[in-house]
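> If it helps, the file is called run08.cif and holds mmCIF, C-alpha atoms and all ligand atoms:
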```cif
data_query
loop_
_atom_site.label_atom_id
_atom_site.label_comp_id
_atom_site.auth_asym_id
_atom_site.auth_seq_id
_atom_site.Cartn_x
_atom_site.Cartn_y
_atom_site.Cartn_z
CA MET R 1 -2.71 -207.31 161.78
CA LYS R 2 -5.57 -207.51 159.27
CA ASN R 3 -5.33 -204.16 157.46
CA PHE R 4 -2.78 -201.35 157.72
CA THR R 5 -4.40 -197.99 157.19
CA SER R 6 -3.26 -196.04 160.26
CA VAL R 7 -1.40 -196.31 163.55
CA HIS R 8 -4.59 -197.73 165.06
CA ASP R 9 -3.95 -201.02 163.23
CA VAL R 10 -0.70 -201.50 165.17
CA GLN R 11 -0.75 -203.18 168.58
CA ASP R 12 2.88 -202.52 169.51
CA ILE R 13 4.75 -199.81 167.60
CA LYS R 14 8.13 -200.54 169.20
CA ALA R 15 7.88 -204.24 168.34
CA LEU R 16 7.00 -203.38 164.73
CA VAL R 17 9.98 -200.99 164.56
CA GLU R 18 12.31 -203.70 165.89
CA LYS R 19 10.91 -206.14 163.34
CA ALA R 20 11.67 -203.65 160.57
CA LEU R 21 15.23 -203.15 161.84
CA ALA R 22 15.69 -206.92 161.99
CA TYR R 23 14.67 -207.09 158.31
CA LYS R 24 17.15 -204.33 157.54
CA ALA R 25 19.88 -206.46 159.15
CA ASN R 26 18.75 -209.62 157.36
CA PRO R 27 16.36 -208.84 154.48
CA LEU R 28 15.79 -212.44 153.34
CA GLN R 29 15.21 -214.06 156.73
CA ASP R 30 11.56 -214.77 155.83
CA LYS R 31 12.00 -215.23 152.10
CA SER R 32 9.31 -217.94 151.90
CA LEU R 33 6.66 -216.31 154.10
CA GLY R 34 4.78 -214.93 151.09
CA ALA R 35 5.55 -217.73 148.64
CA ASN R 36 2.76 -218.30 146.10
CA LYS R 37 1.04 -215.08 147.19
CA ARG R 38 0.45 -211.95 145.18
CA ILE R 39 0.08 -208.31 146.21
CA GLY R 40 -1.64 -205.72 144.02
CA LEU R 41 -0.21 -202.20 144.29
CA LEU R 42 -2.80 -199.75 143.02
CA PHE R 43 -1.86 -196.14 142.40
CA LEU R 44 -4.43 -193.44 141.77
CA ASN R 45 -1.58 -190.91 142.04
CA PRO R 46 2.15 -190.70 141.30
CA SER R 47 4.77 -192.30 143.54
CA MET R 48 8.43 -193.25 143.48
CA ARG R 49 9.48 -194.37 146.98
CA THR R 50 6.25 -196.06 148.00
CA ARG R 51 5.93 -197.95 144.73
CA LEU R 52 9.52 -199.23 144.65
CA SER R 53 10.04 -199.93 148.35
CA THR R 54 6.80 -201.91 148.66
CA GLN R 55 7.68 -204.03 145.63
CA ILE R 56 11.13 -204.78 147.06
CA ALA R 57 9.62 -205.58 150.47
CA ALA R 58 7.12 -207.99 148.90
CA GLN R 59 9.85 -209.70 146.88
CA ASN R 60 12.03 -210.07 150.01
CA LEU R 61 9.16 -212.09 151.50
CA GLY R 62 8.74 -214.24 148.38
CA MET R 63 5.58 -212.48 147.14
CA GLU R 64 4.83 -211.45 143.60
CA PRO R 65 3.97 -207.74 143.40
CA ILE R 66 1.86 -206.41 140.52
CA VAL R 67 1.62 -202.66 140.04
CA PHE R 68 -1.51 -201.16 138.47
CA ASN R 69 -1.57 -197.42 137.81
CA VAL R 70 -5.33 -197.16 138.13
CA GLY R 71 -5.18 -193.38 137.95
CA ASN R 72 -4.00 -193.21 134.35
CA GLU R 73 -4.23 -196.78 133.01
CA GLY R 74 -7.46 -198.08 134.50
CA TRP R 75 -11.15 -197.25 134.19
CA LYS R 76 -11.99 -194.18 136.23
CA LEU R 77 -13.48 -195.48 139.45
CA GLU R 78 -16.68 -194.30 141.15
CA PHE R 79 -16.67 -194.47 144.95
CA GLU R 80 -20.05 -192.94 145.90
CA GLU R 81 -22.79 -195.38 146.91
CA GLU R 82 -25.90 -195.25 144.71
CA ALA R 83 -24.15 -193.02 142.18
CA ILE R 84 -25.88 -192.46 138.86
CA MET R 85 -22.85 -193.06 136.67
CA SER R 86 -23.69 -190.76 133.80
CA GLY R 87 -20.55 -188.63 134.28
CA THR R 88 -16.82 -189.32 133.92
CA THR R 89 -16.53 -192.48 136.03
CA SER R 90 -16.68 -195.83 134.20
CA GLU R 91 -16.57 -198.51 136.89
CA HIS R 92 -17.87 -198.63 140.44
CA VAL R 93 -15.55 -199.70 143.24
CA LYS R 94 -18.28 -202.21 144.18
CA ASP R 95 -17.56 -204.02 140.92
CA ALA R 96 -13.79 -203.48 140.68
CA ALA R 97 -12.70 -204.20 144.27
CA PRO R 98 -14.10 -207.77 144.42
CA VAL R 99 -12.17 -208.48 141.20
CA PHE R 100 -8.97 -207.28 142.88
CA GLY R 101 -9.94 -209.62 145.70
CA LYS R 102 -9.94 -212.55 143.24
CA TYR R 103 -6.55 -211.65 141.72
CA PHE R 104 -4.57 -210.79 144.85
CA ASP R 105 -3.96 -212.02 148.40
CA ILE R 106 -3.22 -208.49 149.68
CA LEU R 107 -4.23 -205.18 148.14
CA ALA R 108 -2.31 -201.93 148.66
CA ILE R 109 -3.63 -198.62 147.39
CA ARG R 110 -2.58 -194.99 147.15
CA THR R 111 -5.33 -192.42 147.01
CA PHE R 112 -5.11 -188.67 147.54
CA PRO R 113 -7.48 -186.04 148.93
CA SER R 114 -9.42 -183.71 146.67
CA LEU R 115 -8.54 -180.79 148.97
CA ASN R 116 -11.97 -179.42 147.94
CA ASN R 117 -14.31 -181.48 150.09
CA LYS R 118 -13.06 -181.79 153.65
CA GLU R 119 -15.89 -184.03 154.86
CA GLU R 120 -15.37 -186.52 152.04
CA ASP R 121 -11.58 -186.51 152.36
CA TYR R 122 -11.64 -186.91 156.15
CA SER R 123 -14.21 -189.72 155.90
CA GLU R 124 -11.56 -191.67 153.92
CA LEU R 125 -14.25 -192.71 151.48
CA TYR R 126 -11.90 -194.24 148.88
CA ILE R 127 -9.85 -196.56 151.08
CA ASN R 128 -12.88 -197.51 153.19
CA GLN R 129 -14.79 -198.52 150.07
CA ILE R 130 -11.84 -200.63 148.96
CA ILE R 131 -11.73 -202.35 152.36
CA LYS R 132 -15.50 -202.87 152.28
CA TYR R 133 -15.61 -204.50 148.85
CA ALA R 134 -12.20 -206.16 148.24
CA GLY R 135 -12.56 -208.88 150.87
CA ILE R 136 -8.79 -209.18 151.35
CA PRO R 137 -6.32 -207.30 153.61
CA VAL R 138 -5.72 -203.69 152.53
CA ILE R 139 -2.59 -201.60 153.06
CA SER R 140 -2.58 -197.81 152.71
CA LEU R 141 0.14 -196.50 150.45
CA GLU R 142 -1.11 -193.02 151.52
CA SER R 143 -4.75 -192.07 151.73
CA ALA R 144 -6.67 -188.81 151.92
CA THR R 145 -5.57 -187.96 155.46
CA VAL R 146 -2.65 -190.18 156.52
CA HIS R 147 0.52 -191.86 155.22
CA PRO R 148 1.16 -194.64 157.75
CA LEU R 149 4.01 -196.43 155.93
CA GLN R 150 5.87 -193.12 155.80
CA SER R 151 5.27 -192.45 159.49
CA LEU R 152 6.31 -195.95 160.53
CA THR R 153 9.47 -195.35 158.51
CA ASP R 154 10.03 -192.06 160.32
CA VAL R 155 9.79 -193.72 163.74
CA ILE R 156 12.12 -196.49 162.52
CA THR R 157 14.62 -193.87 161.29
CA MET R 158 14.62 -191.96 164.59
CA THR R 159 14.89 -195.20 166.60
CA GLU R 160 17.78 -196.41 164.47
CA TYR R 161 19.58 -193.08 164.78
CA LEU R 162 19.15 -193.02 168.57
CA GLN R 163 20.35 -196.62 168.91
CA ASN R 164 23.57 -195.63 167.16
CA ASN R 165 23.82 -192.13 168.67
CA PRO R 166 22.36 -192.04 172.20
CA LEU R 167 21.59 -188.57 173.55
CA PRO R 168 23.66 -187.92 176.68
CA GLY R 169 21.60 -186.57 179.59
CA LYS R 170 18.23 -186.75 177.81
CA LYS R 171 15.52 -189.32 178.45
CA LYS R 172 13.64 -188.47 175.25
CA PRO R 173 14.66 -186.64 172.07
CA LYS R 174 13.00 -183.36 171.24
CA VAL R 175 11.20 -183.90 167.94
CA VAL R 176 9.92 -180.86 166.04
CA LEU R 177 7.49 -181.01 163.12
CA THR R 178 7.79 -177.72 161.26
CA TRP R 179 5.62 -176.39 158.47
CA ALA R 180 7.59 -175.18 155.42
CA PRO R 181 6.59 -173.10 152.39
CA HIS R 182 5.58 -174.71 149.09
CA VAL R 183 4.40 -173.59 145.67
CA LYS R 184 1.07 -175.44 145.68
CA PRO R 185 -1.50 -176.66 148.22
CA LEU R 186 -0.46 -180.06 149.57
CA PRO R 187 -2.44 -182.59 151.64
CA GLN R 188 -2.14 -182.73 155.42
CA CYS R 189 -1.50 -186.50 155.25
CA VAL R 190 2.18 -186.68 156.14
CA ALA R 191 1.92 -184.10 158.92
CA ASN R 192 -1.25 -185.68 160.38
CA SER R 193 0.29 -189.09 160.27
CA PHE R 194 3.68 -188.05 161.67
CA ALA R 195 1.91 -186.33 164.58
CA GLU R 196 -0.31 -189.32 165.24
CA TRP R 197 2.59 -191.80 165.19
CA VAL R 198 4.98 -189.72 167.31
CA ASN R 199 2.23 -189.23 169.89
CA ALA R 200 1.44 -192.96 169.92
CA TRP R 201 5.16 -193.89 170.01
CA GLY R 202 5.46 -191.88 173.25
CA GLU R 203 9.25 -191.65 173.08
CA ALA R 204 9.65 -187.95 172.23
CA ASP R 205 9.11 -184.47 173.58
CA PHE R 206 7.02 -183.45 170.61
CA VAL R 207 6.54 -179.90 169.32
CA ILE R 208 4.65 -178.79 166.21
CA THR R 209 5.29 -175.35 164.74
CA HIS R 210 3.45 -173.63 161.90
CA PRO R 211 2.22 -170.15 160.96
CA GLU R 212 -1.22 -169.07 162.14
CA ASP R 213 -4.10 -170.65 160.17
CA TYR R 214 -2.23 -173.92 159.54
CA GLU R 215 -3.65 -175.76 162.56
CA LEU R 216 -4.03 -179.49 161.90
CA ASP R 217 -6.94 -181.62 163.05
CA GLU R 218 -6.59 -182.01 166.82
CA LYS R 219 -7.44 -185.69 166.40
CA PHE R 220 -3.86 -186.17 165.18
CA THR R 221 -1.94 -183.54 167.16
CA LYS R 222 -3.41 -183.99 170.65
CA GLY R 223 -0.52 -184.44 173.11
CA ALA R 224 1.98 -182.28 171.20
CA THR R 225 3.03 -178.74 172.13
CA ILE R 226 1.94 -176.38 169.34
CA THR R 227 3.51 -172.97 168.70
CA HIS R 228 3.62 -170.36 165.93
CA ASP R 229 7.17 -169.39 166.97
CA GLN R 230 9.42 -171.55 164.82
CA ASP R 231 12.70 -170.33 166.37
CA GLU R 232 11.43 -171.12 169.87
CA ALA R 233 10.28 -174.56 168.72
CA LEU R 234 13.64 -175.38 167.16
CA LYS R 235 15.64 -174.63 170.33
CA ASP R 236 17.48 -177.80 171.45
CA ALA R 237 15.63 -179.98 168.91
CA ASP R 238 17.20 -183.37 168.20
CA PHE R 239 15.11 -184.14 165.12
CA VAL R 240 13.43 -181.62 162.81
CA TYR R 241 10.79 -182.98 160.45
CA VAL R 242 10.10 -180.52 157.64
CA LYS R 243 6.82 -180.62 155.72
CA ASN R 244 4.41 -178.33 153.97
CA TRP R 245 0.67 -178.71 154.30
CA SER R 246 -2.30 -176.64 153.17
CA THR R 247 -4.85 -175.22 155.59
CA TYR R 248 -7.18 -177.62 157.38
CA THR R 249 -9.76 -175.21 158.83
CA ASP R 250 -10.48 -173.25 155.64
CA TYR R 251 -9.77 -176.43 153.76
CA GLY R 252 -7.02 -176.87 151.18
CA LYS R 253 -5.82 -173.26 150.91
CA ILE R 254 -2.46 -171.53 151.02
CA TYR R 255 -2.60 -168.54 153.39
CA CYS R 256 0.84 -167.41 154.56
CA ASN R 257 3.68 -168.73 152.39
CA ASP R 258 6.45 -166.88 154.22
CA PRO R 259 9.84 -167.98 152.81
CA SER R 260 11.47 -167.32 156.18
CA TRP R 261 9.89 -170.63 157.35
CA MET R 262 12.28 -172.57 155.05
CA MET R 263 14.67 -174.70 157.11
CA ASN R 264 18.30 -173.66 156.59
CA ASN R 265 21.63 -173.74 158.43
CA LYS R 266 20.85 -170.56 160.38
CA LYS R 267 17.81 -172.28 161.85
CA LEU R 268 19.72 -175.51 162.33
CA ALA R 269 22.11 -173.57 164.60
CA LEU R 270 19.22 -173.12 167.05
CA THR R 271 18.88 -176.88 167.49
CA ASN R 272 20.87 -179.52 169.33
CA ASN R 273 22.70 -180.32 166.08
CA ALA R 274 19.41 -181.84 164.95
CA ARG R 275 19.01 -184.48 162.27
CA VAL R 276 16.70 -183.19 159.56
CA MET R 277 14.00 -185.35 158.00
CA HIS R 278 11.59 -185.02 155.08
CA CYS R 279 9.46 -187.68 153.37
CA LEU R 280 10.54 -186.60 149.84
CA PRO R 281 9.97 -185.43 147.18
CA VAL R 282 11.23 -182.05 148.42
CA ARG R 283 11.25 -178.65 146.75
CA ARG R 284 14.88 -177.58 147.22
CA ASN R 285 15.41 -174.03 148.43
CA VAL R 286 11.67 -173.63 149.00
CA GLU R 287 11.01 -176.16 151.79
CA LEU R 288 14.60 -177.04 152.66
CA SER R 289 17.90 -175.42 151.67
CA ASP R 290 20.57 -177.16 149.60
CA GLU R 291 23.01 -176.69 152.47
CA ILE R 292 20.86 -178.85 154.75
CA LEU R 293 19.89 -181.47 152.16
CA ASP R 294 23.51 -181.86 151.05
CA GLY R 295 24.91 -181.59 154.58
CA GLU R 296 25.72 -184.15 157.23
CA ASN R 297 22.59 -183.49 159.32
CA SER R 298 20.22 -184.69 156.62
CA LEU R 299 18.61 -188.10 157.17
CA VAL R 300 16.41 -187.96 154.09
CA THR R 301 18.16 -190.66 152.04
CA GLN R 302 18.45 -193.05 154.98
CA GLU R 303 14.78 -192.34 155.73
CA ALA R 304 13.71 -193.15 152.15
CA GLY R 305 15.83 -196.32 152.25
CA ASN R 306 14.02 -197.40 155.40
CA ARG R 307 10.71 -197.41 153.52
CA VAL R 308 11.58 -200.97 152.43
CA TRP R 309 11.85 -202.25 156.01
CA ALA R 310 8.66 -200.55 157.13
CA ALA R 311 6.73 -202.13 154.27
CA GLN R 312 8.37 -205.51 154.88
CA ALA R 313 7.47 -205.49 158.58
CA VAL R 314 3.83 -204.63 157.79
CA LEU R 315 3.55 -207.25 155.03
CA SER R 316 5.09 -209.82 157.33
CA GLU R 317 2.50 -209.08 160.04
CA ILE R 318 -0.37 -209.43 157.58
CA LEU R 319 1.00 -212.61 155.99
CA SER R 320 1.56 -214.18 159.42
CA ASN R 321 -2.01 -213.31 160.37
CA GLN R 322 -3.32 -214.84 157.12
CA SER R 323 -1.56 -218.15 157.77
CA LYS R 324 -3.02 -218.54 161.31
N1 LIG C 1 7.39 -190.23 150.51
C1 LIG C 1 6.66 -190.80 149.53
O1 LIG C 1 5.59 -191.35 149.77
O2 LIG C 1 7.25 -190.74 148.32
P1 LIG C 1 6.52 -191.15 146.94
O3 LIG C 1 5.36 -190.19 146.77
O4 LIG C 1 7.57 -191.00 145.90
O5 LIG C 1 6.02 -192.55 147.08
#
```
Here is a file; write its structure as structure tokens.

Amino acid sequence: MKNFTSVHDVQDIKALVEKALAYKANPLQDKSLGANKRIGLLFLNPSMRTRLSTQIAAQNLGMEPIVFNVGNEGWKLEFEEEAIMSGTTSEHVKDAAPVFGKYFDILAIRTFPSLNNKEEDYSELYINQIIKYAGIPVISLESATVHPLQSLTDVITMTEYLQNNPLPGKKKPKVVLTWAPHVKPLPQCVANSFAEWVNAWGEADFVITHPEDYELDEKFTKGATITHDQDEALKDADFVYVKNWSTYTDYGKIYCNDPSWMMNNKKLALTNNARVMHCLPVRRNVELSDEILDGENSLVTQEAGNRVWAAQAVLSEILSNQSK
């Protein structure tokens, strides 16, 4: 693996998941793999889980992680080619990224979409410019359209749960991605990425449910069953993944924000005693009810814990490739 920016960088998802679970069982098994190497973790936006879990993963492999909050501590970066920089940006990515390439062996970066300019966001301008100019392997810590470390974690978490709790009489679990209300327009990243990974994983009967007008880009959802009937979707579900996203077609808007789409115990009763997942942070009693988050069906803490093993498996793949 050279870079990790989407599921398309992964040759064998199941092998990567098993690698992550092996690190969970024995975190320090490769404690010298990254010795004398440094990873830069660049954040243009806030983060808790991604920032901490990736640092721990790097340290488990003997690497030195350095966090740089570019968004509020660095010079404001310009990403457009041939920009006339007479506005608010101070440094072009063409100048900054090669410097990161001198300081670090691997670069990881979190960007976010504008939610104003669909073409620019979906072209992944920021992370592609970093890859183009850094000259070292790049890991996405969430980009404008996808969050691959989160989605790898989600597949790890479902695999782990199923290994410990096989489903009698079912070849594949029913996995439902459901839209949930929120107070502000959020990116489509987590939903896009979850859809793309579950489809590529191929181990689930996959259903996506959302109100009308919240269709995601078909590039990510193709292969899933899509319905606007949440109750129908939830029937017999084994995993329910709850997430808000803003509209894709009329980009970045909130249309319907119907509170009845919030996942609660009444809806859980429609499922096959489903485990409930969310990437966090979550708006309690808007997206998901207290009763679910504090109940025994919630996997959210285990899921967030598994972020370490996802990051460690990815770093391990890149480090192994570097030493070839
Ligand atoms: N799920 C996730 O990426 O969390 P953070 O934004 O806190 O990193």
> Taking only C-alpha atoms and all ligand atoms into account, which residues are within 10 Å of ligand LIG 1 (chain C), as an MDAnalysis selection string?
chainID R and resid 43 45:54 110 141:142 147:151 153 190 278:282 300 303:304 307
> Here's a test: counting all atoms listed in the file, identify every protein, DNA and RNA residue with an atom at most 10 Å from (-10.2, -195.2, 154.6) in the file's coordinate frame, and state them as a list of chain:residue names.
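With a cut-off of 10 Å, the residues come to R:Thr5, R:Ser6, R:Thr111, R:Asp121, R:Tyr122, R:Ser123, R:Glu124, R:Leu125, R:Tyr126, R:Ile127, R:Asn128, R:Gln129, R:Ile130, R:Ile131, R:Lys132, R:Val138, R:Ser140, R:Glu142, R:Ser143, R:Ala144, R:Thr145, R:Val146.
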> Within 12 Å of Glu232 (chain R), counting all atoms listed in the file, which residues show up once you throw out same-chain ones fewer than 3 positions away? Write them as an MDAnalysis selection string, please.
chainID R and resid 176 178 207:210 225:229 235:237 267 270:271
> Give me the residues near Val240 (chain R) as a list in words, where near means some atom within 8 Å (using all atoms listed in the file) and where sequence neighbours in that chain fewer than 2 positions away do not count.
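Once the adjacent positions are removed, what remains is Val175, Val176, Leu177, Thr178, Leu234, Ala237, Asp238, Val242, Ala274, Arg275, Val276 and Met277 of chain R.
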> Pick out the residues sitting within 7 Å of Met263 (chain R), and hand them over as a PDB file with C-alpha atoms, in the frame of the given file; count all atoms listed in the file, and ignore anything fewer than 4 positions along from it in its own chain.

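What ended up in result.pdb:
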```pdb
ATOM      1  CA  LYS R 267      17.810-172.280 161.850  1.00  0.00           C
ATOM      2  CA  GLU R 287      11.010-176.160 151.790  1.00  0.00           C
ATOM      3  CA  LEU R 288      14.600-177.040 152.660  1.00  0.00           C
ATOM      4  CA  SER R 289      17.900-175.420 151.670  1.00  0.00           C
TER       5      SER R 289
END
```
> Taking (10.7, -208.7, 164.0) in the file's coordinates, which residues come within 12 Å, counting all atoms listed in the file, written as a list of chain:residue names?
R:Asp12, R:Ile13, R:Lys14, R:Ala15, R:Leu16, R:Val17, R:Glu18, R:Lys19, R:Ala20, R:Leu21, R:Ala22, R:Tyr23, R:Lys24, R:Ala25, R:Asn26, R:Pro27, R:Gln29, R:Asp30, R:Trp309, R:Ala310, R:Gln312, R:Ala313, R:Val314, R:Leu315, R:Ser316, R:Glu317, R:Ser320
> How many Å separate CA of Val198 (chain R) from CA of Val155 (chain R)?
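Spanning CA of Val198 (chain R) to CA of Val155 (chain R) is a straight-line distance of 7.2 Å.
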> Which one of R:Gly252, R:Gly40, R:Pro211, R:Gly74 sits closest to Asn117 (chain R) if you count all atoms listed in the file?
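Closest to Asn117 (chain R) of all the choices is R:Gly252.
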